[in-house]
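Q: Shown below is the structure under consideration.
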Amino acid sequence: MKYVILKFFWIVSLSITSHAAVIVHELPEPLVVEGFGPSDVFFPIDMDGNGSVDFILVGSVSAAGIRTERANRSIIRVSPPPNIGGYVESSKTDFDIGPSLLGENVRWSSSDFVEGYVDPDEMTMSIVIQVFFSGYFTRLTERSYIGIEFESEAGTHYGYFDVSPSERLGAVPRFIVHGWAWETIPGKSIRAGAIPEPSSLMLLIATAGMVWRRRRGST
């Protein structure tokens with residue numbers, strides 16, 4: 001069991017783009033979620049930077065997925081009876097991620113399909129990709145988005161992970177994370193993959209910096 005400290009967080013904070021109430025984190029390098037040998041590997045994610053881990057990306061020898069901490073949830077495609085739960089759903093651009101899901105046979109789910117709440121010592125995750133002796137199964141077939149819901153002191157927030165399948169799958173379960181985004185207004189939906197334009201203030205700051213550099217270069 002290994003926890004990997006995400007040392008790129010300071011870089012991510014510099015690449016945040018905000019417009020209205022959406023915060024987008026673009027990773028400088030894609031994060032590959034997979035297990036290293038016999039040990040499970042955990043990548044903790046604090047969505048809103050309040051010091052509390054909201055999701056943990058998990059890589060193991062047979063599966064890779066998302067652990068939804070506490071009562072936080074992700075979108076899954078419901079497995080047919082008698083199975084319980086389902087695999088993490090892969091949503092396309094502009095899919096509405098919010099309280100009401102408009103997709104067929106999809107729903108919000110905690111990694112604990114029965115209780116709906118993940119305890120600190122509970123070993124569970126919502127599976128993105130699973131490897132079998134005969135092959136593998138996943139709903140992630142192209143670059144797309146995993147819808148997420150998490151709680152903060154202000155209320156319930158919606159967001160997504162920007163993900164893609166691995167080009168070098170082999171017998172190792174893995175998927176790639178390019179970044180994530182979330183809506184800061186509690187209870188408000190977010191469109192999957194909607195990358196907002198920089199705000200007027202950010203553009204003004206960028207322009208002022210360019211003018212300052214030009215003046216320094218001319219002196």
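Following the order of the structure tokens, chains are lettered A, B, ..., residues in each are numbered from 1, and ligands are numbered from 1.
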Could you go through region 112-178 of chain A and tell me which residues DSSP, when run on the backbone, assigns to strand (DSSP E or B), listing them as number ranges by chain?
A: A: 118, 126-132, 135-138, 144-152, 155-165, 174-178
Q: Would you write out those residues with C-alpha atoms, as a PDB file, in the first residue's frame?
A:
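Wrote out.pdb, looks like this:
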ATOM      1  CA  VAL A 118     -16.958   5.204   2.817  1.00  0.00           C
ATOM      2  CA  SER A 126     -15.433   2.563  -7.872  1.00  0.00           C
ATOM      3  CA  ILE A 127     -13.762   0.767 -10.768  1.00  0.00           C
ATOM      4  CA  VAL A 128     -12.718   2.598 -13.928  1.00  0.00           C
ATOM      5  CA  ILE A 129     -10.931  -0.374 -15.501  1.00  0.00           C
ATOM      6  CA  GLN A 130     -10.631  -3.995 -14.422  1.00  0.00           C
ATOM      7  CA  VAL A 131      -8.302  -6.649 -15.827  1.00  0.00           C
ATOM      8  CA  PHE A 132      -9.289 -10.316 -16.088  1.00  0.00           C
ATOM      9  CA  GLY A 135      -8.950  -9.426 -21.057  1.00  0.00           C
ATOM     10  CA  TYR A 136     -10.256  -6.263 -19.460  1.00  0.00           C
ATOM     11  CA  PHE A 137     -13.422  -4.199 -19.104  1.00  0.00           C
ATOM     12  CA  THR A 138     -13.914  -0.443 -18.893  1.00  0.00           C
ATOM     13  CA  SER A 144     -13.776  11.977 -21.715  1.00  0.00           C
ATOM     14  CA  TYR A 145     -14.962  12.971 -18.239  1.00  0.00           C
ATOM     15  CA  ILE A 146     -15.829  11.296 -14.949  1.00  0.00           C
ATOM     16  CA  GLY A 147     -18.571  13.188 -13.145  1.00  0.00           C
ATOM     17  CA  ILE A 148     -18.041  13.734  -9.414  1.00  0.00           C
ATOM     18  CA  GLU A 149     -19.980  15.150  -6.469  1.00  0.00           C
ATOM     19  CA  PHE A 150     -18.350  16.196  -3.196  1.00  0.00           C
ATOM     20  CA  GLU A 151     -19.268  17.911   0.056  1.00  0.00           C
ATOM     21  CA  SER A 152     -17.617  20.996   1.549  1.00  0.00           C
ATOM     22  CA  GLY A 155     -22.588  22.479   0.546  1.00  0.00           C
ATOM     23  CA  THR A 156     -22.568  20.011  -2.350  1.00  0.00           C
ATOM     24  CA  HIS A 157     -20.336  20.723  -5.356  1.00  0.00           C
ATOM     25  CA  TYR A 158     -20.175  19.124  -8.806  1.00  0.00           C
ATOM     26  CA  GLY A 159     -17.160  18.604 -11.025  1.00  0.00           C
ATOM     27  CA  TYR A 160     -15.288  16.160 -13.215  1.00  0.00           C
ATOM     28  CA  PHE A 161     -11.985  14.426 -13.842  1.00  0.00           C
ATOM     29  CA  ASP A 162     -10.576  14.820 -17.380  1.00  0.00           C
ATOM     30  CA  VAL A 163      -9.419  11.295 -18.255  1.00  0.00           C
ATOM     31  CA  SER A 164      -8.347   9.057 -21.119  1.00  0.00           C
ATOM     32  CA  PRO A 165      -7.523   5.357 -21.568  1.00  0.00           C
ATOM     33  CA  ARG A 174      -4.342   1.945 -15.805  1.00  0.00           C
ATOM     34  CA  PHE A 175      -5.956   5.177 -16.922  1.00  0.00           C
ATOM     35  CA  ILE A 176      -4.680   8.717 -17.405  1.00  0.00           C
ATOM     36  CA  VAL A 177      -5.823  11.898 -15.640  1.00  0.00           C
ATOM     37  CA  HIS A 178      -5.224  15.230 -17.395  1.00  0.00           C
TER      38      HIS A 178
END
Q: So which residues touch region 53-55 of chain A within 8 Å, counting only C-alpha atoms, skipping near sequence neighbours fewer than 4 positions away, as a list in words?
A: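 Here the answer would be Pro44, Ile45, Asp46, Met47, Ile66, Arg67, Thr68, Glu69, Arg70, Asn72 and Phe150 of chain A.
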Q: Convert the current residue selection to file output with C-alpha atoms, as a short mmCIF file (atom, residue, chain, number, x, y, z; two decimals), in the first residue's frame.
A:
data_model
loop_
_atom_site.label_atom_id
_atom_site.label_comp_id
_atom_site.auth_asym_id
_atom_site.auth_seq_id
_atom_site.Cartn_x
_atom_site.Cartn_y
_atom_site.Cartn_z
CA PRO A 44 -5.22 11.62 -2.84
CA ILE A 45 -7.10 14.58 -4.34
CA ASP A 46 -8.29 17.59 -2.33
CA MET A 47 -10.67 19.23 -4.81
CA ILE A 66 -11.70 6.12 -7.71
CA ARG A 67 -12.32 5.89 -4.00
CA THR A 68 -15.06 8.39 -3.06
CA GLU A 69 -14.26 9.57 0.44
CA ARG A 70 -17.10 9.80 2.98
CA ASN A 72 -18.84 11.86 -1.94
CA PHE A 150 -18.35 16.20 -3.20
#
Q: Record the distance separating CA of Thr184 (chain A) and CA of Ile56 (chain A), expressed in Å with one decimal.
A: 20.1 Å
Q: Just the residues within 12 Å of Ser79 (chain A), please, counting only C-alpha atoms, with nothing from its chain fewer than 2 positions along; format it as a PyMOL selection string.
A: chain A and resi 76-77+81-89+104-107+113+139
Q: Could you save those same residues with all heavy atoms as a short mmCIF file (atom, residue, chain, number, x, y, z; two decimals), in the first residue's frame?
A:
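Generated output (out_19.cif):
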data_model
loop_
_atom_site.label_atom_id
_atom_site.label_comp_id
_atom_site.auth_asym_id
_atom_site.auth_seq_id
_atom_site.Cartn_x
_atom_site.Cartn_y
_atom_site.Cartn_z
N ILE A 76 -21.79 6.37 -12.08
CA ILE A 76 -21.56 5.01 -12.56
C ILE A 76 -22.67 4.61 -13.52
O ILE A 76 -23.74 5.22 -13.54
CB ILE A 76 -21.50 3.99 -11.40
CG1 ILE A 76 -22.88 3.87 -10.73
CG2 ILE A 76 -20.44 4.37 -10.38
CD1 ILE A 76 -23.01 2.68 -9.79
N ARG A 77 -22.37 3.62 -14.35
CA ARG A 77 -23.42 3.00 -15.15
C ARG A 77 -23.87 1.75 -14.40
O ARG A 77 -23.06 0.88 -14.09
CB ARG A 77 -22.93 2.64 -16.55
CG ARG A 77 -24.02 1.96 -17.39
CD ARG A 77 -23.74 2.04 -18.86
NE ARG A 77 -23.73 3.41 -19.34
CZ ARG A 77 -24.79 4.03 -19.89
NH1 ARG A 77 -25.95 3.41 -19.97
NH2 ARG A 77 -24.67 5.25 -20.34
N PRO A 81 -29.22 -6.46 -12.89
CA PRO A 81 -29.38 -7.41 -11.78
C PRO A 81 -28.89 -8.79 -12.19
O PRO A 81 -28.94 -9.13 -13.38
CB PRO A 81 -30.89 -7.40 -11.53
CG PRO A 81 -31.37 -6.11 -12.15
CD PRO A 81 -30.47 -5.85 -13.31
N PRO A 82 -28.38 -9.58 -11.23
CA PRO A 82 -28.39 -9.35 -9.78
C PRO A 82 -27.16 -8.60 -9.28
O PRO A 82 -26.93 -8.54 -8.07
CB PRO A 82 -28.40 -10.78 -9.24
CG PRO A 82 -27.58 -11.55 -10.24
CD PRO A 82 -27.89 -10.93 -11.58
N ASN A 83 -26.34 -8.03 -10.17
CA ASN A 83 -25.15 -7.32 -9.73
C ASN A 83 -25.53 -6.03 -8.98
O ASN A 83 -26.59 -5.45 -9.22
CB ASN A 83 -24.27 -6.95 -10.93
CG ASN A 83 -23.74 -8.19 -11.63
OD1 ASN A 83 -23.46 -9.19 -11.00
ND2 ASN A 83 -23.61 -8.11 -12.95
N ILE A 84 -24.64 -5.59 -8.12
CA ILE A 84 -24.84 -4.36 -7.35
C ILE A 84 -23.81 -3.33 -7.80
O ILE A 84 -22.64 -3.65 -7.98
CB ILE A 84 -24.69 -4.62 -5.84
CG1 ILE A 84 -25.74 -5.62 -5.37
CG2 ILE A 84 -24.83 -3.33 -5.05
CD1 ILE A 84 -25.59 -6.01 -3.92
N GLY A 85 -24.24 -2.10 -7.99
CA GLY A 85 -23.32 -1.03 -8.38
C GLY A 85 -23.06 -1.03 -9.87
O GLY A 85 -23.96 -1.29 -10.68
N GLY A 86 -21.82 -0.74 -10.25
CA GLY A 86 -21.46 -0.69 -11.66
C GLY A 86 -20.12 -0.01 -11.86
O GLY A 86 -19.51 0.48 -10.91
N TYR A 87 -19.67 0.01 -13.10
CA TYR A 87 -18.39 0.65 -13.43
C TYR A 87 -18.57 2.17 -13.55
O TYR A 87 -19.66 2.66 -13.86
CB TYR A 87 -17.84 0.10 -14.74
CG TYR A 87 -17.28 -1.29 -14.62
CD1 TYR A 87 -18.10 -2.41 -14.74
CD2 TYR A 87 -15.91 -1.50 -14.40
CE1 TYR A 87 -17.58 -3.70 -14.63
CE2 TYR A 87 -15.39 -2.77 -14.30
CZ TYR A 87 -16.22 -3.87 -14.41
OH TYR A 87 -15.71 -5.13 -14.30
N VAL A 88 -17.50 2.90 -13.31
CA VAL A 88 -17.52 4.35 -13.45
C VAL A 88 -17.85 4.72 -14.89
O VAL A 88 -17.29 4.17 -15.84
CB VAL A 88 -16.16 4.96 -13.04
CG1 VAL A 88 -16.13 6.45 -13.36
CG2 VAL A 88 -15.91 4.73 -11.55
N GLU A 89 -18.78 5.64 -15.04
CA GLU A 89 -19.22 6.05 -16.37
C GLU A 89 -18.28 7.08 -16.98
O GLU A 89 -17.69 7.91 -16.27
CB GLU A 89 -20.64 6.63 -16.31
CG GLU A 89 -21.19 7.16 -17.61
CD GLU A 89 -21.48 6.08 -18.64
OE1 GLU A 89 -20.98 4.95 -18.50
OE2 GLU A 89 -22.22 6.36 -19.59
N GLU A 104 -29.16 7.49 -19.61
CA GLU A 104 -29.89 6.26 -19.36
C GLU A 104 -29.04 5.30 -18.52
O GLU A 104 -27.88 5.08 -18.82
CB GLU A 104 -30.27 5.59 -20.69
CG GLU A 104 -31.09 4.32 -20.51
CD GLU A 104 -31.43 3.69 -21.85
OE1 GLU A 104 -31.05 4.28 -22.88
OE2 GLU A 104 -32.07 2.63 -21.85
N ASN A 105 -29.65 4.77 -17.46
CA ASN A 105 -28.99 3.77 -16.59
C ASN A 105 -27.73 4.28 -15.91
O ASN A 105 -26.81 3.51 -15.65
CB ASN A 105 -28.67 2.49 -17.38
CG ASN A 105 -29.93 1.80 -17.87
OD1 ASN A 105 -30.96 1.82 -17.21
ND2 ASN A 105 -29.85 1.22 -19.06
N VAL A 106 -27.67 5.56 -15.65
CA VAL A 106 -26.55 6.10 -14.89
C VAL A 106 -27.08 6.71 -13.59
O VAL A 106 -28.23 7.18 -13.55
CB VAL A 106 -25.74 7.15 -15.67
CG1 VAL A 106 -25.08 6.54 -16.88
CG2 VAL A 106 -26.61 8.33 -16.07
N ARG A 107 -26.25 6.70 -12.56
CA ARG A 107 -26.67 7.30 -11.29
C ARG A 107 -25.45 7.68 -10.47
O ARG A 107 -24.33 7.24 -10.75
CB ARG A 107 -27.55 6.33 -10.50
CG ARG A 107 -26.83 5.11 -9.94
CD ARG A 107 -27.82 4.29 -9.10
NE ARG A 107 -27.27 3.05 -8.63
CZ ARG A 107 -26.60 2.89 -7.48
NH1 ARG A 107 -26.39 3.93 -6.70
NH2 ARG A 107 -26.15 1.70 -7.11
N PHE A 113 -21.41 0.79 -2.44
CA PHE A 113 -22.69 0.78 -3.13
C PHE A 113 -23.87 0.53 -2.19
O PHE A 113 -24.98 0.96 -2.46
CB PHE A 113 -22.69 -0.30 -4.22
CG PHE A 113 -21.64 -0.11 -5.27
CD1 PHE A 113 -20.76 -1.13 -5.61
CD2 PHE A 113 -21.51 1.10 -5.92
CE1 PHE A 113 -19.78 -0.96 -6.58
CE2 PHE A 113 -20.53 1.30 -6.90
CZ PHE A 113 -19.67 0.26 -7.22
N ARG A 139 -15.48 1.34 -19.23
CA ARG A 139 -16.36 2.20 -20.01
C ARG A 139 -15.57 3.40 -20.57
O ARG A 139 -16.11 4.23 -21.28
CB ARG A 139 -17.54 2.69 -19.17
CG ARG A 139 -18.42 1.55 -18.67
CD ARG A 139 -19.80 2.04 -18.31
NE ARG A 139 -20.46 2.66 -19.46
CZ ARG A 139 -21.09 2.00 -20.45
NH1 ARG A 139 -21.16 0.67 -20.41
NH2 ARG A 139 -21.65 2.64 -21.45
#
